[in-house]
$ cat upload23.cif   # mmCIF, C-alpha atoms
data_coords
#
loop_
_atom_site.label_atom_id
_atom_site.label_comp_id
_atom_site.auth_asym_id
_atom_site.auth_seq_id
_atom_site.Cartn_x
_atom_site.Cartn_y
_atom_site.Cartn_z
CA MET G 1 -10.44 77.24 -50.35
CA GLY G 2 -7.33 76.02 -48.57
CA THR G 3 -4.81 73.44 -49.68
CA GLY G 4 -5.32 71.12 -46.74
CA ASP G 5 -1.83 71.94 -45.46
CA ALA G 6 -1.46 72.34 -41.70
CA TRP G 7 1.35 73.50 -39.46
CA ASN G 8 2.45 70.56 -37.38
CA HIS G 9 5.53 71.63 -35.39
CA GLN G 10 7.98 74.32 -34.39
CA ASN G 11 11.68 73.62 -33.85
CA PHE G 12 14.20 75.73 -31.93
CA ALA G 13 17.98 75.36 -31.91
CA VAL G 14 19.26 76.22 -28.44
CA PRO G 15 22.72 76.49 -26.92
CA PRO G 16 23.50 73.00 -25.57
CA GLN G 17 24.28 74.31 -22.10
CA ARG G 18 20.73 75.74 -21.88
CA LEU G 19 18.75 72.64 -22.86
CA ALA G 20 18.15 71.46 -19.26
CA LEU G 21 17.02 74.96 -18.23
CA VAL G 22 14.76 75.23 -21.30
CA GLU G 23 13.23 71.89 -20.29
CA ALA G 24 12.64 73.04 -16.71
CA CYS G 25 11.14 76.31 -17.99
CA PHE G 26 8.69 74.68 -20.39
CA ASP G 27 7.78 71.99 -17.85
CA GLU G 28 6.73 74.70 -15.40
CA LEU G 29 5.25 77.20 -17.84
CA PHE G 30 3.04 75.07 -20.07
CA PRO G 31 1.03 71.91 -19.29
CA TRP G 32 2.04 70.25 -22.54
CA VAL G 33 2.90 66.57 -22.75
CA LYS G 34 6.65 66.02 -22.87
CA PHE G 35 7.04 62.97 -25.07
CA VAL G 36 10.78 62.98 -25.62
CA SER G 37 13.65 64.15 -23.44
CA LYS G 38 17.02 63.03 -24.72
CA PRO G 39 20.42 64.73 -24.80
CA HIS G 40 19.85 65.55 -28.49
CA LEU G 41 16.08 66.25 -28.55
CA LEU G 42 13.37 67.69 -26.30
CA GLY G 43 9.77 67.48 -27.52
CA TYR G 44 6.31 68.49 -26.32
CA ARG G 45 2.86 67.72 -27.72
CA LEU G 46 0.07 70.26 -27.62
CA THR G 47 -2.57 67.69 -28.61
CA ASP G 48 -2.97 63.92 -28.48
CA ASP G 49 -1.62 63.80 -32.03
CA LEU G 50 2.05 64.80 -32.10
CA HIS G 51 1.68 65.38 -35.83
CA ALA G 52 -0.95 68.08 -35.21
CA GLY G 53 1.03 70.27 -32.86
CA ALA G 54 4.50 69.68 -31.47
CA LEU G 55 7.34 71.80 -30.20
CA TYR G 56 10.95 70.65 -30.39
CA PHE G 57 14.22 71.91 -28.97
CA ARG G 58 17.58 70.68 -30.21
CA PRO G 59 20.94 71.53 -28.68
CA ALA G 60 23.13 73.11 -31.35
CA ALA G 61 26.64 74.43 -30.86
CA PRO G 62 26.09 77.09 -33.58
CA ALA G 63 23.23 78.49 -31.47
CA ALA G 64 25.67 78.95 -28.60
CA ALA G 65 28.24 80.53 -30.93
CA LEU G 66 25.58 82.90 -32.31
CA ASP G 67 24.51 83.87 -28.80
CA GLU G 68 28.12 84.59 -27.81
CA ALA G 69 28.83 86.51 -31.02
CA LEU G 70 25.67 88.60 -30.67
CA GLY G 71 26.62 89.50 -27.10
CA SER G 72 30.05 90.64 -28.23
CA LEU G 73 28.73 92.50 -31.27
CA ARG G 74 26.05 94.24 -29.22
CA ARG G 75 28.76 95.66 -26.97
CA GLU G 76 30.86 96.80 -29.96
CA HIS G 77 28.01 98.08 -32.15
CA PRO G 78 25.42 100.24 -30.42
CA ASP G 79 23.31 100.20 -33.60
CA LEU G 80 22.93 96.41 -33.39
CA ASP G 81 22.10 96.65 -29.70
CA ALA G 82 19.53 99.36 -30.47
CA ALA G 83 17.98 97.26 -33.25
CA LEU G 84 17.61 94.22 -30.97
CA HIS G 85 16.19 96.41 -28.19
CA GLY G 86 13.85 97.87 -30.79
CA LEU G 87 12.57 94.41 -31.73
CA ASP G 88 12.11 93.67 -28.04
CA GLY G 89 10.14 96.88 -27.58
CA ILE G 90 7.76 96.91 -30.55
CA ASP G 91 4.17 95.79 -30.29
CA ALA G 92 4.41 92.06 -29.62
CA ASP G 93 2.01 91.22 -32.43
CA TYR G 94 4.50 92.71 -34.93
CA ASN G 95 7.40 90.62 -33.64
CA ASP G 96 8.14 87.04 -34.74
CA HIS G 97 6.12 84.65 -32.59
CA CYS G 98 4.43 81.25 -32.47
CA GLY G 99 0.76 81.12 -31.59
CA PHE G 100 -1.41 78.53 -29.90
CA MET G 101 -4.99 78.43 -28.64
CA VAL G 102 -6.14 77.20 -25.24
CA PRO G 103 -9.63 75.75 -24.75
CA THR G 104 -11.16 78.32 -22.38
CA VAL G 105 -10.75 81.88 -21.17
CA GLY G 106 -10.49 80.54 -17.61
CA GLU G 107 -7.54 78.36 -18.58
CA TRP G 108 -6.00 81.32 -20.43
CA GLU G 109 -6.26 83.47 -17.25
CA GLU G 110 -4.70 80.69 -15.12
CA ARG G 111 -1.79 80.31 -17.52
CA VAL G 112 -1.22 84.08 -17.66
CA GLN G 113 -1.07 84.11 -13.85
CA ARG G 114 1.39 81.20 -13.94
CA ALA G 115 3.62 82.99 -16.45
CA GLU G 116 3.57 86.16 -14.34
CA GLN G 117 4.42 84.12 -11.23
CA LEU G 118 7.36 82.42 -12.97
CA GLU G 119 8.52 85.80 -14.29
CA ARG G 120 8.80 86.97 -10.66
CA GLU G 121 9.99 83.78 -8.98
CA ARG G 122 12.24 82.13 -11.59
CA PRO G 123 14.37 84.87 -13.19
CA GLU G 124 16.73 82.26 -14.67
CA PHE G 125 13.92 81.27 -17.07
CA GLU G 126 13.92 84.82 -18.52
CA ILE G 127 10.12 84.72 -18.91
CA ARG G 128 8.37 88.01 -19.56
CA VAL G 129 4.70 88.61 -20.20
CA VAL G 130 5.16 91.23 -22.90
CA ASP G 131 1.55 92.19 -23.48
CA LEU G 132 -2.04 91.18 -22.78
CA PHE G 133 -5.15 91.93 -24.80
CA ARG G 134 -8.62 91.26 -23.40
CA PRO G 135 -11.89 92.05 -25.17
CA GLY G 136 -13.22 95.37 -23.93
CA ASP G 137 -9.83 96.70 -22.81
CA GLY G 138 -9.71 99.22 -25.66
CA ARG G 139 -6.71 97.53 -27.25
CA ALA G 140 -8.06 94.11 -28.23
CA LEU G 141 -8.44 93.49 -31.95
CA THR G 142 -11.81 91.73 -31.57
CA ASP G 143 -14.65 91.40 -29.10
CA TYR G 144 -13.90 87.71 -28.49
CA LEU G 145 -10.12 87.06 -28.68
CA TYR G 146 -7.85 87.01 -25.62
CA GLN G 147 -4.13 87.28 -26.39
CA ALA G 148 -1.07 86.95 -24.14
CA PHE G 149 2.44 87.37 -25.52
CA ILE G 150 4.98 85.45 -23.44
CA ARG G 151 8.65 85.97 -24.20
CA ILE G 152 11.25 83.38 -23.16
CA GLY G 153 14.70 84.94 -23.22
CA LEU G 154 16.41 81.55 -22.82
CA LEU G 155 15.67 81.02 -26.51
CA GLY G 156 17.78 84.04 -27.50
CA PRO G 157 17.16 87.69 -28.36
CA PHE G 158 14.61 87.08 -31.14
CA ARG G 159 12.05 84.49 -32.25
CA ASN G 160 11.45 83.80 -28.59
CA THR G 161 7.80 84.77 -28.14
CA PHE G 162 4.67 82.65 -27.81
CA GLU G 163 1.19 84.08 -28.32
CA MET G 164 -1.39 82.28 -26.21
CA GLN G 165 -4.97 82.86 -27.32
CA ALA G 166 -8.45 81.97 -26.07
CA ARG G 167 -11.85 82.75 -27.49
CA SER G 168 -14.81 83.99 -25.53
CA ALA G 169 -17.45 81.28 -25.97
CA ALA G 170 -20.32 83.76 -26.33
CA SER G 171 -19.00 85.64 -29.34
CA ALA G 172 -16.39 83.44 -30.95
CA PRO G 173 -16.82 82.38 -34.58
CA PRO G 174 -16.87 78.63 -35.15
CA ARG G 175 -13.46 76.93 -35.07
CA GLY G 176 -12.02 75.37 -38.16
#

$ encode --input "upload23.cif" --output "structure tokens"
Amino acid sequence: MGTGDAWNHQNFAVPPQRLALVEACFDELFPWVKFVSKPHLLGYRLTDDLHAGALYFRPAAPAAALDEALGSLRREHPDLDAALHGLDGIDADYNDHCGFMVPTVGEWEERVQRAEQLERERPEFEIRVVDLFRPGDGRALTDYLYQAFIRIGLLGPFRNTFEMQARSAASAPPRG
């Protein structure tokens, strides 16, 4: 039996100069409700209750400094560059990621198409559909779960991946 605890939000520190681009990216990529857009805070709701699922971005100078330092260190230390490339290349389900569920497989397919379109047409967003799993494809973990791993490079070289899931109505276990 669970404790009754529930995840209610994710927060990302982003380089301040990227906040407007992050906002444009998320506005185009996901149909979430943007409920705050201020110079110091960007927030989206995934449900009607912002306490049940929210995503926040905050501009933070240390995030910019980290991004700059990592770029410099990657050039000076091939082992660090190889490690970060390794994280980028492993099975997406083994990499740090945030997951969310969409209501239907049809909506999941539409959003995957949108992410692939933005990957092609808006390179400044640094969107990449890393992997897709569909029931029956020989790689899916279940016979009912659809999974899309969408990486957003604007967020940095790690902890930048969102797993979008949908359940097939015919074979999905009850929610909750």

$ residues_around --input "upload23.cif" --residues "G:Gln165" --least-positions-apart "3" --cutoff "7 Å" --atoms "only C-alpha atoms" --output "PyMOL selection string"
chain G and resi 100-102+145-148

$ closest_residue --input "upload23.cif" --among "G:Ala69, G:Phe57, G:Gly4, G:Arg114" --to "G:Glu23" --atoms "all atoms listed in the file"
G:Phe57

$ resolve_selection --input "upload23.cif" --expression "the PyMOL selection byres ((chain G and resi 7-21) around 6)" --output "MDAnalysis selection string"
chainID G and resid 6 22:24 51:61 63:64

$ atom_distance --input "upload23.cif" --atom1 "atom CA of G:Glu110" --atom2 "atom CA of G:Arg134"
14.0 Å

$ resolve_selection --input "upload23.cif" --expression "the PyMOL selection byres ((chain G and resi 105) around 9)" --output "list in words"
Val102, Pro103, Thr104, Gly106, Glu107, Trp108, Glu109, Glu110, Tyr146, Gln165, Ala166, Arg167, Ser168 and Ala169 of chain G

$ resolve_selection --input "upload23.cif" --expression "the PyMOL selection byres ((chain G and resi 160) around 12)" --output "PyMOL selection string"
chain G and resi 10-14+22+87-88+92+95-99+126-130+149-159+161-163

$ atom_distance --input "upload23.cif" --atom1 "atom CA of G:Pro78" --atom2 "atom CA of G:Ala65"
19.9 Å

$ atom_distance --input "upload23.cif" --atom1 "atom CA of G:Gly138" --atom2 "atom CA of G:Asp91"
15.0 Å

$ residues_around --input "upload23.cif" --residues "G:Leu70" --least-positions-apart "3" --cutoff "10 Å" --atoms "all atoms listed in the file" --output "short mmCIF file (atom, residue, chain, number, x, y, z; two decimals) with C-alpha atoms, in the coordinates of the input"
data_model
loop_
_atom_site.label_atom_id
_atom_site.label_comp_id
_atom_site.auth_asym_id
_atom_site.auth_seq_id
_atom_site.Cartn_x
_atom_site.Cartn_y
_atom_site.Cartn_z
CA ALA G 64 25.67 78.95 -28.60
CA ALA G 65 28.24 80.53 -30.93
CA LEU G 66 25.58 82.90 -32.31
CA ASP G 67 24.51 83.87 -28.80
CA LEU G 73 28.73 92.50 -31.27
CA ARG G 74 26.05 94.24 -29.22
CA ARG G 75 28.76 95.66 -26.97
CA GLU G 76 30.86 96.80 -29.96
CA HIS G 77 28.01 98.08 -32.15
CA LEU G 80 22.93 96.41 -33.39
CA ASP G 81 22.10 96.65 -29.70
CA LEU G 84 17.61 94.22 -30.97
CA GLY G 156 17.78 84.04 -27.50
CA PRO G 157 17.16 87.69 -28.36
#

$ build_atoms --input "upload23.cif" --residues "stretch 97-115 of chain G" --atoms "N, CA, C and O atoms" --output "PDB file, in the coordinates of the input"
ATOM      1  N   HIS G  97       6.644  85.434 -33.706  1.00  0.00           N
ATOM      2  CA  HIS G  97       6.120  84.650 -32.590  1.00  0.00           C
ATOM      3  C   HIS G  97       5.388  83.424 -33.099  1.00  0.00           C
ATOM      4  O   HIS G  97       5.005  83.349 -34.256  1.00  0.00           O
ATOM      5  N   CYS G  98       5.223  82.450 -32.211  1.00  0.00           N
ATOM      6  CA  CYS G  98       4.430  81.250 -32.470  1.00  0.00           C
ATOM      7  C   CYS G  98       3.131  81.411 -31.694  1.00  0.00           C
ATOM      8  O   CYS G  98       3.146  81.909 -30.572  1.00  0.00           O
ATOM      9  N   GLY G  99       2.041  80.981 -32.271  1.00  0.00           N
ATOM     10  CA  GLY G  99       0.760  81.120 -31.590  1.00  0.00           C
ATOM     11  C   GLY G  99       0.096  79.789 -31.332  1.00  0.00           C
ATOM     12  O   GLY G  99       0.236  78.848 -32.106  1.00  0.00           O
ATOM     13  N   PHE G 100      -0.615  79.714 -30.220  1.00  0.00           N
ATOM     14  CA  PHE G 100      -1.410  78.530 -29.900  1.00  0.00           C
ATOM     15  C   PHE G 100      -2.667  78.972 -29.166  1.00  0.00           C
ATOM     16  O   PHE G 100      -2.725  80.046 -28.578  1.00  0.00           O
ATOM     17  N   MET G 101      -3.690  78.134 -29.234  1.00  0.00           N
ATOM     18  CA  MET G 101      -4.990  78.430 -28.640  1.00  0.00           C
ATOM     19  C   MET G 101      -5.226  77.488 -27.467  1.00  0.00           C
ATOM     20  O   MET G 101      -4.953  76.287 -27.570  1.00  0.00           O
ATOM     21  N   VAL G 102      -5.731  78.029 -26.363  1.00  0.00           N
ATOM     22  CA  VAL G 102      -6.140  77.200 -25.240  1.00  0.00           C
ATOM     23  C   VAL G 102      -7.660  77.084 -25.246  1.00  0.00           C
ATOM     24  O   VAL G 102      -8.347  77.926 -25.825  1.00  0.00           O
ATOM     25  N   PRO G 103      -8.204  76.034 -24.610  1.00  0.00           N
ATOM     26  CA  PRO G 103      -9.630  75.750 -24.750  1.00  0.00           C
ATOM     27  C   PRO G 103     -10.592  76.787 -24.165  1.00  0.00           C
ATOM     28  O   PRO G 103     -11.669  77.006 -24.715  1.00  0.00           O
ATOM     29  N   THR G 104     -10.215  77.416 -23.039  1.00  0.00           N
ATOM     30  CA  THR G 104     -11.160  78.320 -22.380  1.00  0.00           C
ATOM     31  C   THR G 104     -10.469  79.594 -21.919  1.00  0.00           C
ATOM     32  O   THR G 104      -9.244  79.619 -21.707  1.00  0.00           O
ATOM     33  N   VAL G 105     -11.271  80.625 -21.706  1.00  0.00           N
ATOM     34  CA  VAL G 105     -10.750  81.880 -21.170  1.00  0.00           C
ATOM     35  C   VAL G 105     -10.247  81.663 -19.739  1.00  0.00           C
ATOM     36  O   VAL G 105      -9.219  82.217 -19.340  1.00  0.00           O
ATOM     37  N   GLY G 106     -10.936  80.834 -18.974  1.00  0.00           N
ATOM     38  CA  GLY G 106     -10.490  80.540 -17.610  1.00  0.00           C
ATOM     39  C   GLY G 106      -9.105  79.923 -17.585  1.00  0.00           C
ATOM     40  O   GLY G 106      -8.256  80.295 -16.773  1.00  0.00           O
ATOM     41  N   GLU G 107      -8.868  78.979 -18.490  1.00  0.00           N
ATOM     42  CA  GLU G 107      -7.540  78.360 -18.580  1.00  0.00           C
ATOM     43  C   GLU G 107      -6.498  79.390 -19.022  1.00  0.00           C
ATOM     44  O   GLU G 107      -5.374  79.406 -18.530  1.00  0.00           O
ATOM     45  N   TRP G 108      -6.886  80.254 -19.959  1.00  0.00           N
ATOM     46  CA  TRP G 108      -6.000  81.320 -20.430  1.00  0.00           C
ATOM     47  C   TRP G 108      -5.581  82.195 -19.247  1.00  0.00           C
ATOM     48  O   TRP G 108      -4.394  82.489 -19.072  1.00  0.00           O
ATOM     49  N   GLU G 109      -6.557  82.605 -18.415  1.00  0.00           N
ATOM     50  CA  GLU G 109      -6.260  83.470 -17.250  1.00  0.00           C
ATOM     51  C   GLU G 109      -5.331  82.746 -16.282  1.00  0.00           C
ATOM     52  O   GLU G 109      -4.383  83.354 -15.763  1.00  0.00           O
ATOM     53  N   GLU G 110      -5.570  81.457 -16.034  1.00  0.00           N
ATOM     54  CA  GLU G 110      -4.700  80.690 -15.120  1.00  0.00           C
ATOM     55  C   GLU G 110      -3.277  80.629 -15.651  1.00  0.00           C
ATOM     56  O   GLU G 110      -2.315  80.780 -14.891  1.00  0.00           O
ATOM     57  N   ARG G 111      -3.139  80.413 -16.946  1.00  0.00           N
ATOM     58  CA  ARG G 111      -1.790  80.310 -17.520  1.00  0.00           C
ATOM     59  C   ARG G 111      -1.084  81.657 -17.529  1.00  0.00           C
ATOM     60  O   ARG G 111       0.134  81.724 -17.337  1.00  0.00           O
ATOM     61  N   VAL G 112      -1.825  82.739 -17.744  1.00  0.00           N
ATOM     62  CA  VAL G 112      -1.220  84.080 -17.660  1.00  0.00           C
ATOM     63  C   VAL G 112      -0.704  84.301 -16.245  1.00  0.00           C
ATOM     64  O   VAL G 112       0.438  84.761 -16.050  1.00  0.00           O
ATOM     65  N   GLN G 113      -1.510  83.960 -15.246  1.00  0.00           N
ATOM     66  CA  GLN G 113      -1.070  84.110 -13.850  1.00  0.00           C
ATOM     67  C   GLN G 113       0.179  83.270 -13.581  1.00  0.00           C
ATOM     68  O   GLN G 113       1.096  83.720 -12.890  1.00  0.00           O
ATOM     69  N   ARG G 114       0.217  82.067 -14.133  1.00  0.00           N
ATOM     70  CA  ARG G 114       1.390  81.200 -13.940  1.00  0.00           C
ATOM     71  C   ARG G 114       2.627  81.825 -14.579  1.00  0.00           C
ATOM     72  O   ARG G 114       3.715  81.827 -13.979  1.00  0.00           O
ATOM     73  N   ALA G 115       2.491  82.349 -15.781  1.00  0.00           N
ATOM     74  CA  ALA G 115       3.620  82.990 -16.450  1.00  0.00           C
ATOM     75  C   ALA G 115       4.112  84.201 -15.656  1.00  0.00           C
ATOM     76  O   ALA G 115       5.328  84.389 -15.489  1.00  0.00           O
TER      77      ALA G 115
END
